[in-house]
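Data file: run39.txt. Format and content: compact mmCIF, N, CA, C and O atoms.
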# COMPACT_ATOMS: atom_id res chain seq x y z
N MET A 281 1.66 -19.26 -6.33
CA MET A 281 1.54 -18.23 -5.33
C MET A 281 2.79 -17.35 -5.41
O MET A 281 3.85 -17.81 -5.81
N PHE A 282 2.64 -16.08 -5.04
CA PHE A 282 3.75 -15.15 -5.07
C PHE A 282 3.54 -14.07 -4.02
O PHE A 282 2.43 -13.87 -3.52
N ASN A 283 4.60 -13.38 -3.67
CA ASN A 283 4.53 -12.20 -2.81
C ASN A 283 4.20 -11.00 -3.70
O ASN A 283 4.71 -10.90 -4.81
N LEU A 284 3.38 -10.11 -3.19
CA LEU A 284 3.12 -8.83 -3.85
C LEU A 284 3.49 -7.75 -2.84
O LEU A 284 2.80 -7.57 -1.83
N LEU A 285 4.59 -7.07 -3.10
CA LEU A 285 5.05 -6.00 -2.22
C LEU A 285 4.79 -4.67 -2.91
O LEU A 285 5.21 -4.46 -4.05
N VAL A 286 4.09 -3.78 -2.21
CA VAL A 286 3.72 -2.49 -2.78
C VAL A 286 4.30 -1.39 -1.91
O VAL A 286 4.09 -1.37 -0.70
N THR A 287 5.01 -0.48 -2.55
CA THR A 287 5.58 0.66 -1.84
C THR A 287 4.84 1.93 -2.24
O THR A 287 4.35 2.03 -3.36
N GLY A 288 4.78 2.87 -1.34
CA GLY A 288 4.17 4.16 -1.64
C GLY A 288 5.21 5.18 -2.06
O GLY A 288 4.89 6.31 -2.39
N SER A 289 6.46 4.78 -2.07
CA SER A 289 7.54 5.72 -2.41
C SER A 289 7.74 5.78 -3.92
O SER A 289 6.94 5.26 -4.69
N ALA A 290 8.83 6.35 -4.31
CA ALA A 290 9.11 6.57 -5.74
C ALA A 290 9.61 5.32 -6.45
O ALA A 290 10.08 5.40 -7.56
N GLY A 291 9.53 4.20 -5.81
CA GLY A 291 9.95 2.96 -6.46
C GLY A 291 10.87 2.15 -5.57
O GLY A 291 11.30 2.60 -4.52
N TRP A 292 11.14 0.95 -6.01
CA TRP A 292 12.02 0.05 -5.29
C TRP A 292 13.46 0.36 -5.64
O TRP A 292 13.78 0.68 -6.78
N GLY A 293 14.34 0.23 -4.65
CA GLY A 293 15.77 0.41 -4.90
C GLY A 293 16.31 -0.73 -5.74
O GLY A 293 15.56 -1.58 -6.23
N SER A 294 17.60 -0.78 -5.88
CA SER A 294 18.18 -1.81 -6.74
C SER A 294 18.30 -3.16 -6.04
O SER A 294 18.24 -4.20 -6.68
N SER A 295 18.44 -3.17 -4.70
CA SER A 295 18.60 -4.45 -4.03
C SER A 295 18.19 -4.47 -2.56
O SER A 295 18.20 -5.53 -1.93
N ARG A 296 17.84 -3.30 -2.00
CA ARG A 296 17.47 -3.23 -0.58
C ARG A 296 16.36 -2.22 -0.37
O ARG A 296 16.30 -1.20 -1.05
N ASP A 297 15.52 -2.52 0.61
CA ASP A 297 14.48 -1.57 0.99
C ASP A 297 13.93 -1.99 2.34
O ASP A 297 14.34 -3.00 2.90
N THR A 298 13.01 -1.19 2.87
CA THR A 298 12.36 -1.52 4.14
C THR A 298 10.86 -1.50 3.97
O THR A 298 10.33 -0.85 3.06
N MET A 299 10.19 -2.23 4.85
CA MET A 299 8.73 -2.26 4.87
C MET A 299 8.29 -2.33 6.32
O MET A 299 8.83 -3.12 7.10
N SER A 300 7.33 -1.51 6.69
CA SER A 300 6.82 -1.51 8.05
C SER A 300 6.22 -2.88 8.38
O SER A 300 5.53 -3.49 7.57
N GLN A 301 6.46 -3.35 9.58
CA GLN A 301 5.94 -4.65 10.01
C GLN A 301 4.41 -4.70 9.89
O GLN A 301 3.85 -5.72 9.52
N GLY A 302 3.74 -3.58 10.11
CA GLY A 302 2.29 -3.53 10.02
C GLY A 302 1.73 -3.73 8.62
O GLY A 302 0.56 -4.04 8.44
N ARG A 303 2.57 -3.56 7.61
CA ARG A 303 2.12 -3.74 6.22
C ARG A 303 2.19 -5.19 5.77
O ARG A 303 1.66 -5.54 4.72
N ALA A 304 2.88 -6.03 6.53
CA ALA A 304 3.01 -7.44 6.14
C ALA A 304 1.64 -8.11 6.11
O ALA A 304 0.89 -8.05 7.08
N LEU A 305 1.32 -8.69 4.99
CA LEU A 305 0.07 -9.41 4.75
C LEU A 305 -1.18 -8.54 4.87
O LEU A 305 -2.28 -9.04 5.03
N GLU A 306 -0.99 -7.23 4.78
CA GLU A 306 -2.12 -6.31 4.78
C GLU A 306 -2.96 -6.56 3.52
O GLU A 306 -2.40 -6.76 2.44
N PHE A 307 -4.25 -6.59 3.64
CA PHE A 307 -5.18 -6.84 2.53
C PHE A 307 -5.04 -8.26 1.96
O PHE A 307 -5.30 -8.49 0.79
N THR A 308 -4.59 -9.19 2.78
CA THR A 308 -4.42 -10.58 2.37
C THR A 308 -5.57 -11.42 2.92
O THR A 308 -5.99 -11.23 4.06
N ALA A 309 -6.07 -12.34 2.11
CA ALA A 309 -7.15 -13.23 2.55
C ALA A 309 -6.72 -13.98 3.81
O ALA A 309 -5.56 -14.37 3.96
N ARG A 310 -7.66 -14.17 4.71
CA ARG A 310 -7.39 -14.76 6.02
C ARG A 310 -6.70 -16.13 5.92
O ARG A 310 -5.75 -16.41 6.64
N HIS A 311 -7.18 -16.99 5.02
CA HIS A 311 -6.60 -18.33 4.93
C HIS A 311 -5.15 -18.30 4.45
O HIS A 311 -4.34 -19.15 4.82
N ILE A 312 -4.78 -17.30 3.67
CA ILE A 312 -3.39 -17.15 3.23
C ILE A 312 -2.56 -16.55 4.36
O ILE A 312 -1.44 -16.99 4.62
N GLU A 313 -3.12 -15.58 5.05
CA GLU A 313 -2.42 -14.97 6.18
C GLU A 313 -2.06 -16.03 7.22
O GLU A 313 -0.94 -16.06 7.74
N GLU A 314 -2.99 -16.93 7.51
CA GLU A 314 -2.75 -17.98 8.50
C GLU A 314 -1.61 -18.91 8.06
O GLU A 314 -0.90 -19.46 8.89
N LYS A 315 -1.44 -19.06 6.77
CA LYS A 315 -0.39 -19.92 6.23
C LYS A 315 1.00 -19.31 6.43
O LYS A 315 1.99 -20.03 6.57
N PHE A 316 1.09 -17.98 6.45
CA PHE A 316 2.38 -17.30 6.52
C PHE A 316 2.66 -16.60 7.84
O PHE A 316 3.71 -15.99 7.99
N MET A 317 1.73 -16.67 8.78
CA MET A 317 1.94 -16.07 10.11
C MET A 317 1.83 -17.17 11.16
O MET A 317 0.86 -17.93 11.16
N GLN A 318 2.82 -17.26 12.01
CA GLN A 318 2.77 -18.16 13.15
C GLN A 318 2.50 -17.29 14.37
O GLN A 318 3.40 -16.67 14.90
N GLY A 319 1.20 -17.19 14.75
CA GLY A 319 0.81 -16.22 15.77
C GLY A 319 0.91 -14.85 15.16
O GLY A 319 0.25 -14.55 14.17
N SER A 320 1.78 -14.01 15.69
CA SER A 320 1.98 -12.68 15.11
C SER A 320 3.36 -12.57 14.44
O SER A 320 3.82 -11.48 14.15
N VAL A 321 3.99 -13.72 14.21
CA VAL A 321 5.33 -13.74 13.65
C VAL A 321 5.29 -14.22 12.20
O VAL A 321 4.75 -15.28 11.90
N LEU A 322 5.87 -13.44 11.30
CA LEU A 322 5.92 -13.78 9.90
C LEU A 322 6.85 -14.98 9.68
O LEU A 322 7.97 -15.01 10.19
N ASP A 323 6.39 -15.97 8.93
CA ASP A 323 7.20 -17.12 8.57
C ASP A 323 8.12 -16.70 7.41
O ASP A 323 7.78 -16.87 6.24
N ILE A 324 9.26 -16.17 7.76
CA ILE A 324 10.17 -15.60 6.78
C ILE A 324 10.66 -16.65 5.79
O ILE A 324 10.74 -16.40 4.58
N GLU A 325 10.94 -17.84 6.26
CA GLU A 325 11.42 -18.90 5.35
C GLU A 325 10.38 -19.21 4.28
O GLU A 325 10.74 -19.42 3.11
N ALA A 326 9.11 -19.25 4.64
CA ALA A 326 8.05 -19.50 3.66
C ALA A 326 7.96 -18.37 2.65
O ALA A 326 7.77 -18.60 1.46
N VAL A 327 8.09 -17.15 3.11
CA VAL A 327 8.03 -15.97 2.23
C VAL A 327 9.21 -15.98 1.25
O VAL A 327 9.05 -15.66 0.07
N LEU A 328 10.38 -16.37 1.73
CA LEU A 328 11.58 -16.39 0.87
C LEU A 328 11.48 -17.41 -0.26
O LEU A 328 12.15 -17.27 -1.29
N ARG A 329 10.64 -18.42 -0.11
CA ARG A 329 10.51 -19.45 -1.14
C ARG A 329 9.65 -19.02 -2.33
O ARG A 329 9.60 -19.71 -3.35
N LEU A 330 8.96 -17.89 -2.22
CA LEU A 330 8.04 -17.45 -3.27
C LEU A 330 8.67 -16.39 -4.17
O LEU A 330 9.43 -15.54 -3.70
N PRO A 331 8.31 -16.39 -5.47
CA PRO A 331 8.70 -15.26 -6.32
C PRO A 331 7.97 -14.01 -5.83
O PRO A 331 6.96 -14.11 -5.13
N THR A 332 8.48 -12.86 -6.21
CA THR A 332 7.93 -11.60 -5.68
C THR A 332 7.70 -10.59 -6.80
O THR A 332 8.54 -10.42 -7.67
N ILE A 333 6.54 -9.93 -6.74
CA ILE A 333 6.27 -8.77 -7.59
C ILE A 333 6.52 -7.53 -6.73
O ILE A 333 5.95 -7.41 -5.64
N PHE A 334 7.38 -6.66 -7.20
CA PHE A 334 7.70 -5.41 -6.53
C PHE A 334 6.95 -4.29 -7.26
O PHE A 334 7.30 -3.99 -8.41
N ALA A 335 5.94 -3.72 -6.63
CA ALA A 335 5.09 -2.73 -7.29
C ALA A 335 5.06 -1.43 -6.49
O ALA A 335 5.48 -1.37 -5.33
N CYS A 336 4.54 -0.38 -7.13
CA CYS A 336 4.37 0.93 -6.50
C CYS A 336 2.91 1.33 -6.57
O CYS A 336 2.21 0.99 -7.53
N GLU A 337 2.47 2.06 -5.56
CA GLU A 337 1.11 2.59 -5.59
C GLU A 337 1.00 3.60 -6.72
O GLU A 337 1.99 4.23 -7.09
N ASN A 338 -0.18 3.74 -7.26
CA ASN A 338 -0.40 4.72 -8.33
C ASN A 338 -0.19 6.12 -7.79
O ASN A 338 -0.63 6.44 -6.69
N SER A 339 0.45 6.96 -8.58
CA SER A 339 0.66 8.34 -8.16
C SER A 339 -0.54 9.19 -8.56
O SER A 339 -1.29 8.85 -9.47
N ARG A 340 -0.69 10.30 -7.90
CA ARG A 340 -1.83 11.19 -8.19
C ARG A 340 -1.70 11.90 -9.52
O ARG A 340 -2.68 12.31 -10.11
N ASP A 341 -0.46 12.02 -10.01
CA ASP A 341 -0.27 12.72 -11.30
C ASP A 341 -0.41 11.78 -12.50
O ASP A 341 -0.18 12.18 -13.63
N GLY A 342 -0.79 10.52 -12.23
CA GLY A 342 -0.98 9.57 -13.32
C GLY A 342 0.29 8.89 -13.79
O GLY A 342 0.28 8.08 -14.70
N ASN A 343 1.42 9.23 -13.16
CA ASN A 343 2.69 8.61 -13.52
C ASN A 343 2.80 7.26 -12.83
O ASN A 343 2.90 7.18 -11.61
N HIS A 344 2.74 6.18 -13.59
CA HIS A 344 2.77 4.84 -13.03
C HIS A 344 4.16 4.24 -13.18
O HIS A 344 4.66 4.09 -14.29
N ILE A 345 4.76 3.90 -12.06
CA ILE A 345 6.07 3.27 -12.07
C ILE A 345 5.87 1.78 -12.34
O ILE A 345 5.07 1.13 -11.67
N PRO A 346 6.56 1.23 -13.32
CA PRO A 346 6.37 -0.18 -13.65
C PRO A 346 6.75 -1.10 -12.49
O PRO A 346 7.65 -0.80 -11.71
N ALA A 347 6.07 -2.23 -12.41
CA ALA A 347 6.37 -3.27 -11.43
C ALA A 347 7.51 -4.13 -11.95
O ALA A 347 7.78 -4.16 -13.16
N ARG A 348 8.17 -4.82 -11.05
CA ARG A 348 9.27 -5.73 -11.41
C ARG A 348 9.05 -7.07 -10.73
O ARG A 348 8.37 -7.15 -9.70
N VAL A 349 9.63 -8.10 -11.27
CA VAL A 349 9.60 -9.43 -10.67
C VAL A 349 10.99 -9.75 -10.17
O VAL A 349 11.99 -9.43 -10.82
N GLY A 350 11.05 -10.37 -9.00
CA GLY A 350 12.35 -10.72 -8.44
C GLY A 350 12.23 -11.75 -7.35
O GLY A 350 11.19 -12.40 -7.18
N THR A 351 13.29 -11.86 -6.57
CA THR A 351 13.37 -12.83 -5.49
C THR A 351 13.86 -12.15 -4.23
O THR A 351 14.86 -11.42 -4.26
N LEU A 352 13.16 -12.37 -3.13
CA LEU A 352 13.66 -11.93 -1.84
C LEU A 352 14.80 -12.86 -1.43
O LEU A 352 14.65 -14.08 -1.48
N THR A 353 15.92 -12.29 -1.04
CA THR A 353 17.06 -13.11 -0.64
C THR A 353 17.27 -13.09 0.87
O THR A 353 17.87 -14.00 1.43
N ARG A 354 16.75 -12.05 1.53
CA ARG A 354 16.87 -11.95 2.98
C ARG A 354 15.78 -11.03 3.50
O ARG A 354 15.52 -9.98 2.90
N VAL A 355 15.17 -11.42 4.60
CA VAL A 355 14.19 -10.59 5.29
C VAL A 355 14.53 -10.65 6.77
O VAL A 355 14.68 -11.73 7.35
N GLN A 356 14.66 -9.47 7.38
CA GLN A 356 15.03 -9.40 8.79
C GLN A 356 14.20 -8.33 9.47
O GLN A 356 14.06 -7.22 8.94
N LEU A 357 13.63 -8.65 10.63
CA LEU A 357 12.84 -7.69 11.39
C LEU A 357 13.74 -6.93 12.34
O LEU A 357 14.40 -7.52 13.20
N LEU A 358 13.79 -5.60 12.17
CA LEU A 358 14.59 -4.73 13.02
C LEU A 358 13.78 -3.50 13.40
O LEU A 358 13.34 -2.76 12.52
N SER A 359 13.54 -3.30 14.68
CA SER A 359 12.86 -2.10 15.18
C SER A 359 11.53 -1.83 14.49
O SER A 359 11.22 -0.71 14.12
N GLY A 360 10.73 -2.87 14.27
CA GLY A 360 9.40 -2.69 13.70
C GLY A 360 9.34 -2.60 12.19
O GLY A 360 8.28 -2.39 11.62
N ASP A 361 10.48 -2.73 11.54
CA ASP A 361 10.52 -2.71 10.07
C ASP A 361 11.21 -3.97 9.57
O ASP A 361 12.16 -4.47 10.17
N TYR A 362 10.70 -4.46 8.43
CA TYR A 362 11.38 -5.56 7.76
C TYR A 362 12.44 -4.98 6.84
O TYR A 362 12.14 -4.11 6.02
N GLN A 363 13.66 -5.42 7.02
CA GLN A 363 14.75 -5.05 6.13
C GLN A 363 14.76 -6.09 5.01
O GLN A 363 14.90 -7.29 5.29
N LEU A 364 14.55 -5.66 3.79
CA LEU A 364 14.43 -6.56 2.66
C LEU A 364 15.66 -6.47 1.77
O LEU A 364 16.11 -5.37 1.44
N GLU A 365 16.17 -7.62 1.40
CA GLU A 365 17.22 -7.69 0.38
C GLU A 365 16.66 -8.56 -0.73
O GLU A 365 16.02 -9.57 -0.48
N TYR A 366 16.91 -8.16 -1.97
CA TYR A 366 16.29 -8.85 -3.09
C TYR A 366 17.11 -8.69 -4.36
O TYR A 366 18.01 -7.85 -4.45
N VAL A 367 16.76 -9.51 -5.33
CA VAL A 367 17.35 -9.45 -6.66
C VAL A 367 16.20 -9.34 -7.65
O VAL A 367 15.27 -10.15 -7.62
N LEU A 368 16.25 -8.31 -8.50
CA LEU A 368 15.25 -8.16 -9.56
C LEU A 368 15.66 -9.02 -10.74
O LEU A 368 16.85 -9.07 -11.09
N ASP A 369 14.70 -9.70 -11.34
CA ASP A 369 15.00 -10.61 -12.45
C ASP A 369 15.23 -9.82 -13.73
O ASP A 369 14.31 -9.20 -14.25
N PRO A 370 16.46 -9.85 -14.27
CA PRO A 370 16.75 -9.07 -15.48
C PRO A 370 16.09 -9.65 -16.74
O PRO A 370 15.99 -8.96 -17.75
N ASP A 371 15.63 -10.91 -16.66
CA ASP A 371 15.02 -11.55 -17.83
C ASP A 371 13.53 -11.26 -17.95
O ASP A 371 12.92 -11.60 -18.97
N ILE A 372 12.94 -10.68 -16.90
CA ILE A 372 11.51 -10.34 -16.95
C ILE A 372 11.41 -8.82 -17.00
O ILE A 372 11.80 -8.14 -16.05
N PRO A 373 10.92 -8.27 -18.10
CA PRO A 373 10.87 -6.81 -18.23
C PRO A 373 9.86 -6.18 -17.26
O PRO A 373 8.89 -6.83 -16.86
N PRO A 374 10.09 -4.94 -16.88
CA PRO A 374 9.11 -4.23 -16.04
C PRO A 374 7.77 -4.20 -16.75
O PRO A 374 7.70 -4.22 -17.98
N PHE A 375 6.69 -4.15 -15.97
CA PHE A 375 5.35 -4.13 -16.56
C PHE A 375 4.45 -3.22 -15.74
O PHE A 375 4.69 -2.97 -14.56
N GLN A 376 3.42 -2.71 -16.40
CA GLN A 376 2.45 -1.85 -15.73
C GLN A 376 1.49 -2.70 -14.90
O GLN A 376 1.02 -3.74 -15.36
N MET A 377 1.20 -2.30 -13.69
CA MET A 377 0.33 -3.06 -12.80
C MET A 377 -1.08 -3.19 -13.34
O MET A 377 -1.80 -4.09 -12.97
N LYS A 378 -1.48 -2.31 -14.26
CA LYS A 378 -2.82 -2.43 -14.81
C LYS A 378 -3.00 -3.78 -15.49
O LYS A 378 -4.09 -4.34 -15.50
N TYR A 379 -1.94 -4.36 -16.03
CA TYR A 379 -2.04 -5.68 -16.66
C TYR A 379 -2.25 -6.76 -15.61
O TYR A 379 -3.00 -7.70 -15.82
N TYR A 380 -1.59 -6.62 -14.49
CA TYR A 380 -1.81 -7.55 -13.38
C TYR A 380 -3.25 -7.46 -12.89
O TYR A 380 -3.89 -8.47 -12.63
N LEU A 381 -3.77 -6.24 -12.77
CA LEU A 381 -5.12 -6.05 -12.26
C LEU A 381 -6.16 -6.68 -13.19
O LEU A 381 -7.13 -7.27 -12.74
N VAL A 382 -5.95 -6.58 -14.50
CA VAL A 382 -6.85 -7.22 -15.47
C VAL A 382 -6.76 -8.72 -15.31
O VAL A 382 -7.78 -9.42 -15.23
N LEU A 383 -5.55 -9.26 -15.21
CA LEU A 383 -5.36 -10.70 -15.04
C LEU A 383 -6.00 -11.17 -13.73
O LEU A 383 -6.64 -12.21 -13.68
N ARG A 384 -5.86 -10.36 -12.70
CA ARG A 384 -6.44 -10.71 -11.39
C ARG A 384 -7.97 -10.83 -11.49
O ARG A 384 -8.56 -11.76 -10.96
N GLN A 385 -8.59 -9.90 -12.18
CA GLN A 385 -10.05 -9.95 -12.31
C GLN A 385 -10.49 -11.15 -13.13
O GLN A 385 -11.49 -11.79 -12.83
N GLU A 386 -9.72 -11.48 -14.16
CA GLU A 386 -10.10 -12.59 -15.03
C GLU A 386 -9.82 -13.96 -14.43
O GLU A 386 -10.50 -14.93 -14.74
N THR A 387 -8.81 -14.04 -13.55
CA THR A 387 -8.42 -15.35 -13.01
C THR A 387 -8.67 -15.49 -11.51
O THR A 387 -8.38 -16.52 -10.93
N LEU A 388 -9.14 -14.42 -10.89
CA LEU A 388 -9.40 -14.41 -9.44
C LEU A 388 -8.15 -14.68 -8.61
O LEU A 388 -8.18 -15.40 -7.63
N ILE A 389 -7.01 -14.10 -9.02
CA ILE A 389 -5.79 -14.24 -8.23
C ILE A 389 -5.96 -13.44 -6.96
O ILE A 389 -6.40 -12.34 -6.99
I need this file expressed as structure tokens, please.
Amino acid sequence: MFNLLVTGSAGWGSSRDTMSQGRALEFTARHIEEKFMQGSVLDIEAVLRLPTIFACENSRDGNHIPARVGTLTRVQLLSGDYQLEYVLDPDIPPFQMKYYLVLRQETLI
């Protein structure tokens, strides 16, 4: 299992970013959501234990920003946004999300 974080901006920063609280577990299967939410509170410790794919939404001009793999090191809820601190894995090269999508269809991830 892993976290999949998708931003609509121009890409992920080098070590910090924010995500709206409403986006947490959006489009996630119910049984997985129940595993990571205690009521309406995100189980941050459980999320921190998983590897993370940092991806970007596809742009309208066809320019696809590669996804990266890394580790969340800190998640804090402040004023309706999650403040994320993370480390991108230098040993795993960036990759196009289209490869993930093919793998997802073939393996039902």
- Measuring atom to atom with all atoms listed in the file, identify which of A:Ala309, A:Asn283, A:Ala290, A:Ala326 is nearest to Arg348 (chain A).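 The closest residue to Arg348 (chain A) is A:Asn283.
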- Task: Name the residues in contact with Leu330 (chain A) at a cut-off of 8 Å, using all atoms listed in the file, excluding same-chain residues fewer than 4 positions from it; report them as an MDAnalysis selection string.
- Result: chainID A and resid 281:283 324:326 350:353
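Running DSSP on the backbone and keeping only strand (DSSP E or B), the residues of region 320-368 of chain A that qualify are Val321, Leu322, Pro331, Thr332, Ile333, Phe334, Ala335, Cys336, Ala347, Arg348, Val349, Gly350, Thr351, Leu352, Thr353, Arg354, Val355, Gln356, Leu357, Leu358, Asp361, Tyr362, Gln363, Leu364, Glu365, Tyr366, Val367 and Leu368 of chain A.
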Kindly export the residues of the current selection with N, CA, C and O atoms, as a JSON list (two decimals), in the coordinates of the input.
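Result file part_12.json:
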[["chain", "number", "residue", "atom", "x", "y", "z"],
["A", 321, "VAL", "N", 3.99, -13.72, 14.21],
["A", 321, "VAL", "CA", 5.33, -13.74, 13.65],
["A", 321, "VAL", "C", 5.29, -14.22, 12.20],
["A", 321, "VAL", "O", 4.75, -15.28, 11.90],
["A", 322, "LEU", "N", 5.87, -13.44, 11.30],
["A", 322, "LEU", "CA", 5.92, -13.78, 9.90],
["A", 322, "LEU", "C", 6.85, -14.98, 9.68],
["A", 322, "LEU", "O", 7.97, -15.01, 10.19],
["A", 331, "PRO", "N", 8.31, -16.39, -5.47],
["A", 331, "PRO", "CA", 8.70, -15.26, -6.32],
["A", 331, "PRO", "C", 7.97, -14.01, -5.83],
["A", 331, "PRO", "O", 6.96, -14.11, -5.13],
["A", 332, "THR", "N", 8.48, -12.86, -6.21],
["A", 332, "THR", "CA", 7.93, -11.60, -5.68],
["A", 332, "THR", "C", 7.70, -10.59, -6.80],
["A", 332, "THR", "O", 8.54, -10.42, -7.67],
["A", 333, "ILE", "N", 6.54, -9.93, -6.74],
["A", 333, "ILE", "CA", 6.27, -8.77, -7.59],
["A", 333, "ILE", "C", 6.52, -7.53, -6.73],
["A", 333, "ILE", "O", 5.95, -7.41, -5.64],
["A", 334, "PHE", "N", 7.38, -6.66, -7.20],
["A", 334, "PHE", "CA", 7.70, -5.41, -6.53],
["A", 334, "PHE", "C", 6.95, -4.29, -7.26],
["A", 334, "PHE", "O", 7.30, -3.99, -8.41],
["A", 335, "ALA", "N", 5.94, -3.72, -6.63],
["A", 335, "ALA", "CA", 5.09, -2.73, -7.29],
["A", 335, "ALA", "C", 5.06, -1.43, -6.49],
["A", 335, "ALA", "O", 5.48, -1.37, -5.33],
["A", 336, "CYS", "N", 4.54, -0.38, -7.13],
["A", 336, "CYS", "CA", 4.37, 0.93, -6.50],
["A", 336, "CYS", "C", 2.91, 1.33, -6.57],
["A", 336, "CYS", "O", 2.21, 0.99, -7.53],
["A", 347, "ALA", "N", 6.07, -2.23, -12.41],
["A", 347, "ALA", "CA", 6.37, -3.27, -11.43],
["A", 347, "ALA", "C", 7.51, -4.13, -11.95],
["A", 347, "ALA", "O", 7.78, -4.16, -13.16],
["A", 348, "ARG", "N", 8.17, -4.82, -11.05],
["A", 348, "ARG", "CA", 9.27, -5.73, -11.41],
["A", 348, "ARG", "C", 9.05, -7.07, -10.73],
["A", 348, "ARG", "O", 8.37, -7.15, -9.70],
["A", 349, "VAL", "N", 9.63, -8.10, -11.27],
["A", 349, "VAL", "CA", 9.60, -9.43, -10.67],
["A", 349, "VAL", "C", 10.99, -9.75, -10.17],
["A", 349, "VAL", "O", 11.99, -9.43, -10.82],
["A", 350, "GLY", "N", 11.05, -10.37, -9.00],
["A", 350, "GLY", "CA", 12.35, -10.72, -8.44],
["A", 350, "GLY", "C", 12.23, -11.75, -7.35],
["A", 350, "GLY", "O", 11.19, -12.40, -7.18],
["A", 351, "THR", "N", 13.29, -11.86, -6.57],
["A", 351, "THR", "CA", 13.37, -12.83, -5.49],
["A", 351, "THR", "C", 13.86, -12.15, -4.23],
["A", 351, "THR", "O", 14.86, -11.42, -4.26],
["A", 352, "LEU", "N", 13.16, -12.37, -3.13],
["A", 352, "LEU", "CA", 13.66, -11.93, -1.84],
["A", 352, "LEU", "C", 14.80, -12.86, -1.43],
["A", 352, "LEU", "O", 14.65, -14.08, -1.48],
["A", 353, "THR", "N", 15.92, -12.29, -1.04],
["A", 353, "THR", "CA", 17.06, -13.11, -0.64],
["A", 353, "THR", "C", 17.27, -13.09, 0.87],
["A", 353, "THR", "O", 17.87, -14.00, 1.43],
["A", 354, "ARG", "N", 16.75, -12.05, 1.53],
["A", 354, "ARG", "CA", 16.87, -11.95, 2.98],
["A", 354, "ARG", "C", 15.78, -11.03, 3.50],
["A", 354, "ARG", "O", 15.52, -9.98, 2.90],
["A", 355, "VAL", "N", 15.17, -11.42, 4.60],
["A", 355, "VAL", "CA", 14.19, -10.59, 5.29],
["A", 355, "VAL", "C", 14.53, -10.65, 6.77],
["A", 355, "VAL", "O", 14.68, -11.73, 7.35],
["A", 356, "GLN", "N", 14.66, -9.47, 7.38],
["A", 356, "GLN", "CA", 15.03, -9.40, 8.79],
["A", 356, "GLN", "C", 14.20, -8.33, 9.47],
["A", 356, "GLN", "O", 14.06, -7.22, 8.94],
["A", 357, "LEU", "N", 13.63, -8.65, 10.63],
["A", 357, "LEU", "CA", 12.84, -7.69, 11.39],
["A", 357, "LEU", "C", 13.74, -6.93, 12.34],
["A", 357, "LEU", "O", 14.40, -7.52, 13.20],
["A", 358, "LEU", "N", 13.79, -5.60, 12.17],
["A", 358, "LEU", "CA", 14.59, -4.73, 13.02],
["A", 358, "LEU", "C", 13.78, -3.50, 13.40],
["A", 358, "LEU", "O", 13.34, -2.76, 12.52],
["A", 361, "ASP", "N", 10.48, -2.73, 11.54],
["A", 361, "ASP", "CA", 10.52, -2.71, 10.07],
["A", 361, "ASP", "C", 11.21, -3.97, 9.57],
["A", 361, "ASP", "O", 12.16, -4.47, 10.17],
["A", 362, "TYR", "N", 10.70, -4.46, 8.43],
["A", 362, "TYR", "CA", 11.38, -5.56, 7.76],
["A", 362, "TYR", "C", 12.44, -4.98, 6.84],
["A", 362, "TYR", "O", 12.14, -4.11, 6.02],
["A", 363, "GLN", "N", 13.66, -5.42, 7.02],
["A", 363, "GLN", "CA", 14.75, -5.05, 6.13],
["A", 363, "GLN", "C", 14.76, -6.09, 5.01],
["A", 363, "GLN", "O", 14.90, -7.29, 5.29],
["A", 364, "LEU", "N", 14.55, -5.66, 3.79],
["A", 364, "LEU", "CA", 14.43, -6.56, 2.66],
["A", 364, "LEU", "C", 15.66, -6.47, 1.77],
["A", 364, "LEU", "O", 16.11, -5.37, 1.44],
["A", 365, "GLU", "N", 16.17, -7.62, 1.40],
["A", 365, "GLU", "CA", 17.22, -7.69, 0.38],
["A", 365, "GLU", "C", 16.66, -8.56, -0.73],
["A", 365, "GLU", "O", 16.02, -9.57, -0.48],
["A", 366, "TYR", "N", 16.91, -8.16, -1.97],
["A", 366, "TYR", "CA", 16.29, -8.85, -3.09],
["A", 366, "TYR", "C", 17.11, -8.69, -4.36],
["A", 366, "TYR", "O", 18.01, -7.85, -4.45],
["A", 367, "VAL", "N", 16.76, -9.51, -5.33],
["A", 367, "VAL", "CA", 17.35, -9.45, -6.66],
["A", 367, "VAL", "C", 16.20, -9.34, -7.65],
["A", 367, "VAL", "O", 15.27, -10.15, -7.62],
["A", 368, "LEU", "N", 16.25, -8.31, -8.50],
["A", 368, "LEU", "CA", 15.25, -8.16, -9.56],
["A", 368, "LEU", "C", 15.66, -9.02, -10.74],
["A", 368, "LEU", "O", 16.85, -9.07, -11.09]]
- Item | Within 8 Å of Ser359 (chain A) using all atoms listed in the file, minus same-chain residues under 6 positions, as a ChimeraX atom specification | /A:299-301
- Query: Near Thr298 (chain A), counting all atoms listed in the file, which residues have an atom at most 5 Å away, once you skip same-chain residues fewer than 5 positions from it, shown as a PyMOL selection string?
  - Reply: chain A and resi 362-364
Keeping only N, CA, C and O atoms, write the selected residues as a PDB file, in the coordinates of the input.
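File written: part-v8.pdb
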ATOM      1  N   TYR A 362      10.700  -4.460   8.430  1.00  0.00           N
ATOM      2  CA  TYR A 362      11.380  -5.560   7.760  1.00  0.00           C
ATOM      3  C   TYR A 362      12.440  -4.980   6.840  1.00  0.00           C
ATOM      4  O   TYR A 362      12.140  -4.110   6.020  1.00  0.00           O
ATOM      5  N   GLN A 363      13.660  -5.420   7.020  1.00  0.00           N
ATOM      6  CA  GLN A 363      14.750  -5.050   6.130  1.00  0.00           C
ATOM      7  C   GLN A 363      14.760  -6.090   5.010  1.00  0.00           C
ATOM      8  O   GLN A 363      14.900  -7.290   5.290  1.00  0.00           O
ATOM      9  N   LEU A 364      14.550  -5.660   3.790  1.00  0.00           N
ATOM     10  CA  LEU A 364      14.430  -6.560   2.660  1.00  0.00           C
ATOM     11  C   LEU A 364      15.660  -6.470   1.770  1.00  0.00           C
ATOM     12  O   LEU A 364      16.110  -5.370   1.440  1.00  0.00           O
TER      13      LEU A 364
END
- Message: Please determine, counting only C-alpha atoms, which residue among A:Ser295, A:Phe307, A:Leu284, A:Glu314 has the shortest atom-to-atom distance to Leu368 (chain A).
- Response: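 Of the candidates, the smallest distance to Leu368 (chain A) is held by A:Ser295.
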